[in-house]
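With CSV, C-alpha atoms inside, this is protein.csv:
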chain,number,residue,atom,x,y,z
A,1,MET,CA,-169.8,-79.5,145.9
A,2,GLU,CA,-172.7,-80.2,143.5
A,3,ILE,CA,-176.5,-79.4,143.7
A,4,GLY,CA,-179.0,-81.9,142.3
A,5,SER,CA,-182.8,-82.0,142.2
A,6,LYS,CA,-185.8,-84.0,141.3
A,7,THR,CA,-189.4,-82.8,140.8
A,8,LEU,CA,-192.2,-85.0,142.2
A,9,LYS,CA,-195.9,-84.7,141.6
A,10,LEU,CA,-197.7,-85.9,144.7
A,11,GLN,CA,-201.2,-85.7,146.2
A,12,SER,CA,-201.7,-84.1,149.5
A,13,GLY,CA,-201.8,-86.7,152.2
A,14,SER,CA,-199.3,-89.1,150.4
A,15,LYS,CA,-196.1,-90.4,151.9
A,16,LEU,CA,-192.5,-90.1,150.8
A,17,ASN,CA,-189.7,-92.1,152.4
A,18,LEU,CA,-186.0,-91.2,152.0
A,19,TYR,CA,-183.4,-93.8,153.1
A,20,TYR,CA,-179.8,-92.9,153.7
A,21,LEU,CA,-177.5,-95.9,153.1
A,22,GLY,CA,-173.7,-95.8,153.4
A,23,ASP,CA,-170.4,-96.9,154.9
A,24,VAL,CA,-170.8,-100.4,153.5
A,25,HIS,CA,-167.0,-100.9,153.2
A,26,GLU,CA,-167.4,-103.8,150.7
A,27,GLY,CA,-164.2,-105.8,150.7
A,28,ASN,CA,-163.6,-105.6,154.5
A,29,CYS,CA,-163.8,-108.9,156.4
A,30,ASN,CA,-166.2,-107.4,158.9
A,31,MET,CA,-168.7,-106.2,156.2
A,32,ASP,CA,-172.2,-107.3,157.2
A,33,GLU,CA,-173.7,-108.8,154.0
A,34,LYS,CA,-176.8,-110.1,155.7
A,35,ALA,CA,-177.6,-106.6,157.1
A,36,LEU,CA,-177.1,-105.0,153.7
A,37,ARG,CA,-179.4,-107.5,152.0
A,38,ARG,CA,-182.1,-106.7,154.7
A,39,ALA,CA,-181.7,-103.0,154.0
A,40,VAL,CA,-182.1,-103.6,150.2
A,41,LYS,CA,-185.2,-105.6,150.8
A,42,ILE,CA,-186.7,-102.9,153.0
A,43,ILE,CA,-186.2,-100.3,150.3
A,44,LEU,CA,-187.3,-102.6,147.6
A,45,ASP,CA,-190.6,-103.5,149.4
A,46,ASP,CA,-191.4,-99.8,150.2
A,47,PRO,CA,-193.5,-98.4,147.4
A,48,ASP,CA,-192.8,-94.8,148.6
A,49,ALA,CA,-189.1,-95.2,148.9
A,50,TYR,CA,-186.1,-93.4,147.4
A,51,TRP,CA,-182.6,-93.6,148.7
A,52,ILE,CA,-179.2,-91.8,148.8
A,53,GLY,CA,-175.8,-93.4,149.0
A,54,MET,CA,-173.7,-91.8,151.7
A,55,GLY,CA,-170.2,-92.8,150.6
A,56,ASP,CA,-167.6,-95.4,151.6
A,57,MET,CA,-169.5,-98.0,149.7
A,58,LEU,CA,-166.1,-99.6,149.0
A,59,GLU,CA,-163.1,-100.3,151.2
A,60,CYS,CA,-160.6,-99.2,148.6
A,61,ILE,CA,-157.6,-100.1,150.8
A,62,THR,CA,-154.9,-101.7,148.7
A,63,HIS,CA,-151.3,-103.0,148.9
A,64,MET,CA,-150.1,-100.1,146.8
A,65,GLY,CA,-148.5,-97.9,149.5
A,66,ASP,CA,-151.6,-97.6,151.8
A,67,LYS,CA,-150.4,-97.9,155.4
A,68,ARG,CA,-153.8,-99.1,156.4
A,69,PHE,CA,-153.5,-102.2,154.3
A,70,ASP,CA,-153.7,-105.5,156.2
A,71,PRO,CA,-154.2,-108.8,154.2
A,72,LEU,CA,-156.0,-110.2,157.1
A,73,SER,CA,-158.7,-107.5,156.8
A,74,ILE,CA,-159.7,-108.6,153.2
A,75,HIS,CA,-162.9,-110.6,153.0
A,76,GLU,CA,-162.3,-114.2,152.3
A,77,LYS,CA,-164.4,-114.1,149.1
A,78,TYR,CA,-161.6,-112.3,147.4
A,79,ASN,CA,-158.5,-114.0,146.0
A,80,ILE,CA,-154.9,-113.1,145.2
A,81,ARG,CA,-155.8,-112.3,141.6
A,82,ASP,CA,-158.3,-109.7,142.7
A,83,LEU,CA,-155.4,-107.6,144.0
A,84,LYS,CA,-154.8,-106.6,140.4
A,85,ASP,CA,-157.8,-104.2,140.5
A,86,LEU,CA,-159.2,-104.7,144.0
A,87,PRO,CA,-161.4,-101.6,144.3
A,88,MET,CA,-163.0,-102.4,140.9
A,89,ARG,CA,-163.8,-105.9,142.1
A,90,GLN,CA,-165.3,-104.5,145.3
A,91,ALA,CA,-167.4,-102.1,143.1
A,92,GLN,CA,-168.7,-105.0,141.1
A,93,VAL,CA,-169.6,-107.0,144.2
A,94,ALA,CA,-171.2,-103.9,146.0
A,95,PHE,CA,-173.3,-103.1,142.9
A,96,SER,CA,-174.6,-106.7,142.8
A,97,TYR,CA,-176.1,-106.2,146.3
A,98,ILE,CA,-177.8,-102.9,145.4
A,99,LYS,CA,-178.8,-103.6,141.8
A,100,PRO,CA,-182.4,-104.6,142.8
A,101,ILE,CA,-182.9,-101.0,144.1
A,102,GLN,CA,-180.9,-99.0,141.6
A,103,HIS,CA,-184.0,-97.5,140.1
A,104,LYS,CA,-184.9,-95.9,143.5
A,105,CYS,CA,-181.5,-94.2,144.0
A,106,LEU,CA,-181.4,-90.4,143.7
A,107,ALA,CA,-177.8,-89.6,144.4
A,108,PHE,CA,-174.5,-90.8,145.6
A,109,VAL,CA,-171.9,-89.2,147.9
A,110,ILE,CA,-168.2,-90.0,147.6
A,111,GLY,CA,-166.6,-91.3,150.8
A,112,ASN,CA,-163.1,-90.7,152.1
A,113,HIS,CA,-162.1,-94.3,151.1
A,114,GLU,CA,-163.1,-93.8,147.5
A,115,GLU,CA,-161.8,-90.3,147.5
A,116,MET,CA,-158.4,-91.2,148.9
A,117,PHE,CA,-158.0,-94.1,146.4
A,118,SER,CA,-158.9,-91.9,143.5
A,119,LYS,CA,-156.6,-89.1,144.6
A,120,TYR,CA,-153.4,-91.3,144.9
A,121,ASN,CA,-154.1,-93.9,142.2
A,122,SER,CA,-155.3,-91.9,139.2
A,123,THR,CA,-158.4,-93.9,139.0
A,124,ASP,CA,-161.8,-92.4,139.7
A,125,ILE,CA,-163.4,-95.4,141.3
A,126,TYR,CA,-166.4,-93.3,142.4
A,127,ASP,CA,-167.2,-92.5,138.8
A,128,ARG,CA,-166.7,-96.1,137.7
A,129,PHE,CA,-169.1,-97.3,140.4
A,130,VAL,CA,-171.8,-94.8,139.7
A,131,ASN,CA,-171.6,-95.5,136.0
A,132,MET,CA,-172.5,-99.2,136.7
A,133,PHE,CA,-176.1,-98.1,137.2
A,134,ASP,CA,-178.4,-98.9,134.3
A,135,THR,CA,-181.2,-96.7,135.7
A,136,SER,CA,-181.8,-94.4,138.7
A,137,ALA,CA,-184.5,-92.2,140.2
A,138,HIS,CA,-182.5,-89.0,139.5
A,139,GLU,CA,-184.4,-86.7,137.1
A,140,GLY,CA,-183.2,-86.8,133.6
A,141,GLY,CA,-180.2,-89.1,134.2
A,142,LYS,CA,-179.4,-92.7,133.7
A,143,HIS,CA,-177.1,-92.7,136.7
A,144,PRO,CA,-177.6,-91.3,140.2
A,145,PHE,CA,-176.5,-87.8,140.7
A,146,LYS,CA,-172.9,-87.5,141.8
A,147,ILE,CA,-172.9,-85.1,144.9
A,148,GLY,CA,-169.2,-85.3,145.6
A,149,TYR,CA,-168.1,-85.2,149.2
A,150,VAL,CA,-170.5,-82.5,150.2
A,151,GLY,CA,-173.5,-81.0,148.4
A,152,PHE,CA,-177.3,-80.6,148.2
A,153,TYR,CA,-180.1,-82.6,146.7
A,154,ASN,CA,-183.5,-80.9,146.6
A,155,LEU,CA,-186.9,-82.5,146.1
A,156,HIS,CA,-189.3,-80.0,144.4
A,157,ILE,CA,-192.8,-81.1,145.4
A,158,ASN,CA,-195.8,-80.2,143.1
A,159,THR,CA,-199.0,-81.0,144.9
A,160,ARG,CA,-202.7,-80.3,144.7
A,161,SER,CA,-205.5,-80.2,147.2
A,162,GLY,CA,-208.7,-80.0,145.2
A,163,ASN,CA,-208.1,-77.3,142.5
A,164,ARG,CA,-205.4,-75.6,144.5
A,165,PRO,CA,-201.9,-76.3,143.3
A,166,ALA,CA,-198.8,-75.7,145.3
A,167,THR,CA,-195.0,-76.1,145.0
A,168,TYR,CA,-192.4,-76.3,147.7
A,169,THR,CA,-189.0,-77.7,148.2
A,170,ILE,CA,-187.6,-80.3,150.6
A,171,GLY,CA,-183.8,-79.7,150.9
A,172,ASN,CA,-181.2,-82.3,151.7
A,173,ALA,CA,-177.7,-81.2,152.8
A,174,LEU,CA,-175.4,-84.1,152.4
A,175,ASN,CA,-171.8,-84.6,153.6
A,176,HIS,CA,-169.9,-87.9,153.9
A,177,GLY,CA,-168.8,-86.6,157.3
A,178,ILE,CA,-166.2,-85.4,159.6
A,179,THR,CA,-164.3,-87.4,162.3
A,180,SER,CA,-166.2,-87.9,165.6
A,181,GLY,CA,-163.3,-87.4,168.0
A,182,GLY,CA,-165.7,-87.6,171.0
A,183,LYS,CA,-165.9,-90.4,173.6
A,184,LEU,CA,-169.1,-89.4,175.5
A,185,ALA,CA,-172.7,-90.3,174.6
A,186,GLY,CA,-174.0,-87.5,172.4
A,187,SER,CA,-170.7,-86.7,170.8
A,188,GLY,CA,-171.9,-88.2,167.5
A,189,ILE,CA,-175.0,-86.0,167.1
A,190,ASN,CA,-172.9,-83.0,168.2
A,191,LYS,CA,-170.5,-83.7,165.4
A,192,VAL,CA,-173.4,-83.8,163.0
A,193,HIS,CA,-174.5,-80.3,164.1
A,194,ASP,CA,-170.8,-79.2,163.8
A,195,CYS,CA,-170.8,-80.6,160.2
A,196,PHE,CA,-173.8,-78.5,159.1
A,197,ASN,CA,-173.1,-75.4,161.3
A,198,LEU,CA,-172.6,-73.2,158.3
A,199,MET,CA,-175.1,-74.8,155.9
A,200,TYR,CA,-178.9,-74.4,155.9
A,201,SER,CA,-181.2,-77.1,154.8
A,202,ASP,CA,-184.4,-79.0,155.9
A,203,ILE,CA,-182.6,-82.3,156.3
A,204,ASN,CA,-178.9,-82.6,157.1
A,205,ILE,CA,-177.3,-86.0,156.9
A,206,MET,CA,-173.7,-87.2,157.2
A,207,GLY,CA,-172.0,-90.6,157.3
A,208,HIS,CA,-168.4,-91.6,158.2
A,209,ILE,CA,-168.7,-92.0,162.0
A,210,HIS,CA,-170.5,-95.4,161.8
A,211,GLN,CA,-173.2,-94.3,164.2
A,212,LEU,CA,-177.0,-93.9,163.9
A,213,ASN,CA,-178.0,-90.5,165.3
A,214,GLU,CA,-181.1,-88.4,164.7
A,215,ASP,CA,-182.1,-85.0,166.0
A,216,MET,CA,-184.6,-82.2,165.2
A,217,GLU,CA,-184.7,-78.5,166.0
A,218,ILE,CA,-187.2,-75.7,165.4
A,219,VAL,CA,-186.0,-72.5,163.7
A,220,VAL,CA,-188.2,-69.4,164.1
A,221,THR,CA,-188.2,-66.9,161.3
A,222,THR,CA,-190.7,-64.5,159.6
A,223,ASN,CA,-192.2,-64.1,156.2
A,224,GLY,CA,-193.2,-61.3,153.9
A,225,ARG,CA,-196.4,-60.8,155.7
A,226,ASN,CA,-194.6,-60.2,159.1
A,227,GLU,CA,-195.9,-63.5,160.4
A,228,LEU,CA,-193.9,-65.9,162.5
A,229,VAL,CA,-192.8,-69.1,160.7
A,230,LYS,CA,-191.6,-72.1,162.6
A,231,LYS,CA,-189.5,-74.5,160.5
A,232,LYS,CA,-188.2,-77.9,161.5
A,233,ARG,CA,-184.6,-78.9,160.7
A,234,PHE,CA,-183.5,-82.5,160.9
A,235,TYR,CA,-180.0,-83.8,161.6
A,236,GLY,CA,-178.6,-87.3,161.4
A,237,SER,CA,-175.7,-89.7,160.8
A,238,SER,CA,-176.5,-92.7,158.6
A,239,GLY,CA,-174.9,-95.7,160.3
A,240,CYS,CA,-172.9,-98.4,158.5
A,241,PHE,CA,-172.7,-102.0,157.4
A,242,LEU,CA,-169.3,-102.7,159.0
A,243,LYS,CA,-169.1,-104.6,162.3
A,244,THR,CA,-166.3,-103.6,164.6
A,245,TYR,CA,-165.6,-106.7,166.8
A,246,VAL,CA,-165.6,-110.1,165.1
A,247,ILE,CA,-163.8,-113.1,166.6
A,248,GLY,CA,-161.1,-114.4,164.3
A,249,ASN,CA,-161.0,-111.2,162.2
A,250,THR,CA,-158.6,-108.2,162.2
A,251,ASN,CA,-160.1,-104.8,161.6
A,252,TYR,CA,-158.3,-101.5,161.8
A,253,PHE,CA,-161.3,-99.9,163.6
A,254,GLU,CA,-160.5,-102.1,166.5
A,255,HIS,CA,-157.2,-100.2,166.9
A,256,LEU,CA,-159.2,-97.1,167.9
A,257,ALA,CA,-159.9,-98.4,171.4
A,258,GLY,CA,-161.2,-95.6,173.6
A,259,LYS,CA,-162.2,-93.6,170.6
A,260,SER,CA,-164.7,-95.8,168.8
A,261,GLY,CA,-167.0,-98.5,170.1
A,262,GLU,CA,-169.2,-101.0,168.4
A,263,SER,CA,-170.6,-99.8,165.1
A,264,ASP,CA,-174.3,-99.0,164.5
A,265,VAL,CA,-175.2,-101.4,161.7
A,266,GLY,CA,-178.2,-100.0,159.8
A,267,MET,CA,-179.5,-96.9,158.0
A,268,LEU,CA,-181.5,-93.8,158.5
A,269,LYS,CA,-185.1,-93.3,157.2
A,270,MET,CA,-186.8,-89.9,156.7
A,271,ASN,CA,-190.6,-90.4,156.9
A,272,ILE,CA,-192.2,-87.5,155.1
A,273,GLN,CA,-195.9,-86.7,155.1
A,274,ILE,CA,-196.9,-84.5,152.1
A,275,GLY,CA,-199.3,-81.6,152.8
A,276,SER,CA,-201.1,-79.3,150.5
A,277,ASP,CA,-198.6,-76.5,150.8
A,278,SER,CA,-196.0,-77.9,153.3
A,279,TRP,CA,-194.6,-81.1,154.6
A,280,ASP,CA,-193.7,-82.7,157.9
A,281,GLY,CA,-191.5,-85.6,158.8
A,282,LYS,CA,-189.5,-87.7,161.3
A,283,LEU,CA,-186.1,-89.3,161.2
A,284,GLU,CA,-186.1,-93.0,162.1
A,285,LYS,CA,-183.1,-95.1,163.0
A,286,ILE,CA,-183.2,-98.6,161.5
A,287,PHE,CA,-180.9,-101.0,163.3
A,288,LEU,CA,-180.1,-104.1,161.2
A,289,GLY,CA,-177.0,-105.6,163.0
Could I get this file's structure written as structure tokens?
Amino acid sequence: MEIGSKTLKLQSGSKLNLYYLGDVHEGNCNMDEKALRRAVKIILDDPDAYWIGMGDMLECITHMGDKRFDPLSIHEKYNIRDLKDLPMRQAQVAFSYIKPIQHKCLAFVIGNHEEMFSKYNSTDIYDRFVNMFDTSAHEGGKHPFKIGYVGFYNLHINTRSGNRPATYTIGNALNHGITSGGKLAGSGINKVHDCFNLMYSDINIMGHIHQLNEDMEIVVTTNGRNELVKKKRFYGSSGCFLKTYVIGNTNYFEHLAGKSGESDVGMLKMNIQIGSDSWDGKLEKIFLG
């Protein structure tokens, strides 16, 4: 776990948009390149945008003892010579897609695919990928902040209304995610709540389950002046860029019949309205498939 942060000076009434983009699975034959390019353009064209990578950017399934390996699941743009260092080739291709928005990236989560490859192959592909960035939006760093599998990224907002300055924090709890395991509608967002049951943050986002979910709850507490304070907490899962069912392709997700349906291709967006001494927002599901 790591904790990163960035300080922003914003005027009261301004907007801040956070995008959560993950589970691209570059290298898989069902990776949706067109949808990813659309996502990149949305972020690029948004003047108020920052984004966070939610993990599993790369497929990282190789022929070196991984029981999930299937040569028919490798995207046709790769050739036999790429097997020599397949995850690194995937990293190079994935970065070519997101390079136009690298300057807006705050942080990157490691996914279970990158983590498993690094664990059993003595190669930190997560570190190699993040170090491809020439620039980022993370404060004081050339590269995006490396969260790890789970961690926090806080935005410290310095704002002013007239001559009155104020400072407050918008917290992000981030986790690549835990397995869904549910078959009924609502199981996905329930799993998000399970994931952050023992963590407390304003915005709580996970990936991994290839679904777009969003939810909000109000927590009632008190302050030092014995006043009631009602705080919103947001929960979501960030979707993916990997289609499940494609004619003519083989994909190991299709073997999960009864456990996993069609993927939600897209990303989450947190629309934030900056106030003089507080903020408000709303999670939005952006479907791109």
Notebook entry, point to check: Of the residues A:Ile274, A:Met31, A:Leu21, A:Leu44, which is the one nearest to Ala166 of chain A, using only C-alpha atoms?
Noted result: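 The answer is A:Ile274, which sits nearest to Ala166 of chain A.
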Note to self: Every residue with an atom at most 12 Å from (-197.6, -78.1, 149.8) (file coordinates; all atoms listed in the file) is what I'm after, so could you write them as a PyMOL selection string?
What the structure shows: chain A and resi 8-14+156-161+164-170+273-280
Notebook entry, point to check: Given the choices A:His138, A:Arg38, A:Lys119, A:Lys6, which gets closest to Gly289 of chain A if the distance is worked out from all atoms listed in the file?
Noted result: A:Arg38
Write out as a Markdown table the residues of segment 119-175 of chain A that have any atom within 10 Å of an atom of segment 47-55 of chain A, one row each with the nearest atom pair and its distance in Å to one decimal, counting all atoms listed in the file, sorted by chain and then rising number.
| residue | atom | partner | partner_atom | distance |
| --- | --- | --- | --- | --- |
| A:Tyr126 | CA | A:Gly55 | CA | 9.1 |
| A:Ser136 | CA | A:Tyr50 | CA | 9.8 |
| A:Ala137 | CA | A:Tyr50 | CA | 7.5 |
| A:His138 | CA | A:Tyr50 | CA | 9.7 |
| A:Pro144 | CA | A:Ile52 | CA | 8.8 |
| A:Phe145 | CA | A:Ile52 | CA | 9.4 |
| A:Lys146 | CA | A:Gly53 | CA | 9.7 |
| A:Ile147 | CA | A:Met54 | CA | 9.6 |
| A:Gly148 | CA | A:Gly55 | CA | 9.1 |
| A:Tyr149 | CA | A:Gly55 | CA | 8.0 |
| A:Val150 | CA | A:Met54 | CA | 9.9 |
| A:Tyr153 | CA | A:Ile52 | CA | 9.5 |
| A:Leu174 | CA | A:Met54 | CA | 7.9 |
| A:Asn175 | CA | A:Met54 | CA | 7.7 |
Note to self: Which residues are close to Ser238 of chain A, i.e. within 8 Å by only C-alpha atoms, leaving aside same-chain residues fewer than 3 positions away? Reply as a VMD selection string.
What the structure shows: chain A and resid 20 to 22 54 205 to 207 210 to 213 266 to 268
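What separates atom CA of Met199 of chain A from atom CA of Asp264 of chain A is a distance of 25.7 Å.
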Checklist line | Shell of 12 Å around Ile125 of chain A, all atoms listed in the file, local chain residues under 5 positions omitted, as a ChimeraX atom specification | finding: /A:55-60,85-92,110-120,130-132
Since we have the selection now, will you write its residues out, keeping C-alpha atoms, as a compact mmCIF listing (two decimals), keeping the file's coordinate frame?
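And here is the file that came out, again.txt:
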# COMPACT_ATOMS: atom_id res chain seq x y z
CA GLY A 55 -170.20 -92.80 150.60
CA ASP A 56 -167.60 -95.40 151.60
CA MET A 57 -169.50 -98.00 149.70
CA LEU A 58 -166.10 -99.60 149.00
CA GLU A 59 -163.10 -100.30 151.20
CA CYS A 60 -160.60 -99.20 148.60
CA ASP A 85 -157.80 -104.20 140.50
CA LEU A 86 -159.20 -104.70 144.00
CA PRO A 87 -161.40 -101.60 144.30
CA MET A 88 -163.00 -102.40 140.90
CA ARG A 89 -163.80 -105.90 142.10
CA GLN A 90 -165.30 -104.50 145.30
CA ALA A 91 -167.40 -102.10 143.10
CA GLN A 92 -168.70 -105.00 141.10
CA ILE A 110 -168.20 -90.00 147.60
CA GLY A 111 -166.60 -91.30 150.80
CA ASN A 112 -163.10 -90.70 152.10
CA HIS A 113 -162.10 -94.30 151.10
CA GLU A 114 -163.10 -93.80 147.50
CA GLU A 115 -161.80 -90.30 147.50
CA MET A 116 -158.40 -91.20 148.90
CA PHE A 117 -158.00 -94.10 146.40
CA SER A 118 -158.90 -91.90 143.50
CA LYS A 119 -156.60 -89.10 144.60
CA TYR A 120 -153.40 -91.30 144.90
CA VAL A 130 -171.80 -94.80 139.70
CA ASN A 131 -171.60 -95.50 136.00
CA MET A 132 -172.50 -99.20 136.70
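Note that the spacing between atom CA of Ala94 of chain A and atom CA of Val24 of chain A amounts to 8.3 Å.
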Check: Hey, what's within 12 Å of Phe234 of chain A if we count all atoms listed in the file and toss same-chain stuff fewer than 4 positions away? As an MDAnalysis selection string, please?
Finding: chainID A and resid 170:174 189 192:193 196 200:206 213:219 268:272 280:284
Checklist line | d(atom CA of Thr7 of chain A, atom CA of Lys142 of chain A) in Å | finding: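 Distance reported for this atom pair: 15.8 Å.
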For Asp46 of chain A, work out the shell of residues within 12 Å, counting only C-alpha atoms and skipping chain neighbours fewer than 3 positions away, then give it as an mmCIF file with C-alpha atoms, in the coordinates of the input.
data_model
loop_
_atom_site.group_PDB
_atom_site.id
_atom_site.type_symbol
_atom_site.label_atom_id
_atom_site.label_comp_id
_atom_site.auth_asym_id
_atom_site.auth_seq_id
_atom_site.Cartn_x
_atom_site.Cartn_y
_atom_site.Cartn_z
ATOM 1 C CA LYS A 15 -196.100 -90.400 151.900
ATOM 2 C CA LEU A 16 -192.500 -90.100 150.800
ATOM 3 C CA ASN A 17 -189.700 -92.100 152.400
ATOM 4 C CA LEU A 18 -186.000 -91.200 152.000
ATOM 5 C CA TYR A 19 -183.400 -93.800 153.100
ATOM 6 C CA ALA A 39 -181.700 -103.000 154.000
ATOM 7 C CA VAL A 40 -182.100 -103.600 150.200
ATOM 8 C CA LYS A 41 -185.200 -105.600 150.800
ATOM 9 C CA ILE A 42 -186.700 -102.900 153.000
ATOM 10 C CA ILE A 43 -186.200 -100.300 150.300
ATOM 11 C CA ALA A 49 -189.100 -95.200 148.900
ATOM 12 C CA TYR A 50 -186.100 -93.400 147.400
ATOM 13 C CA TRP A 51 -182.600 -93.600 148.700
ATOM 14 C CA ILE A 101 -182.900 -101.000 144.100
ATOM 15 C CA LYS A 104 -184.900 -95.900 143.500
ATOM 16 C CA LYS A 269 -185.100 -93.300 157.200
ATOM 17 C CA ASN A 271 -190.600 -90.400 156.900
#
Notebook entry, point to check: Of the candidates A:Lys230, A:Val109, A:Arg68, A:Asp134, which shows the shortest atom-to-atom distance to Asp23 of chain A, using only C-alpha atoms?
Noted result: A:Val109
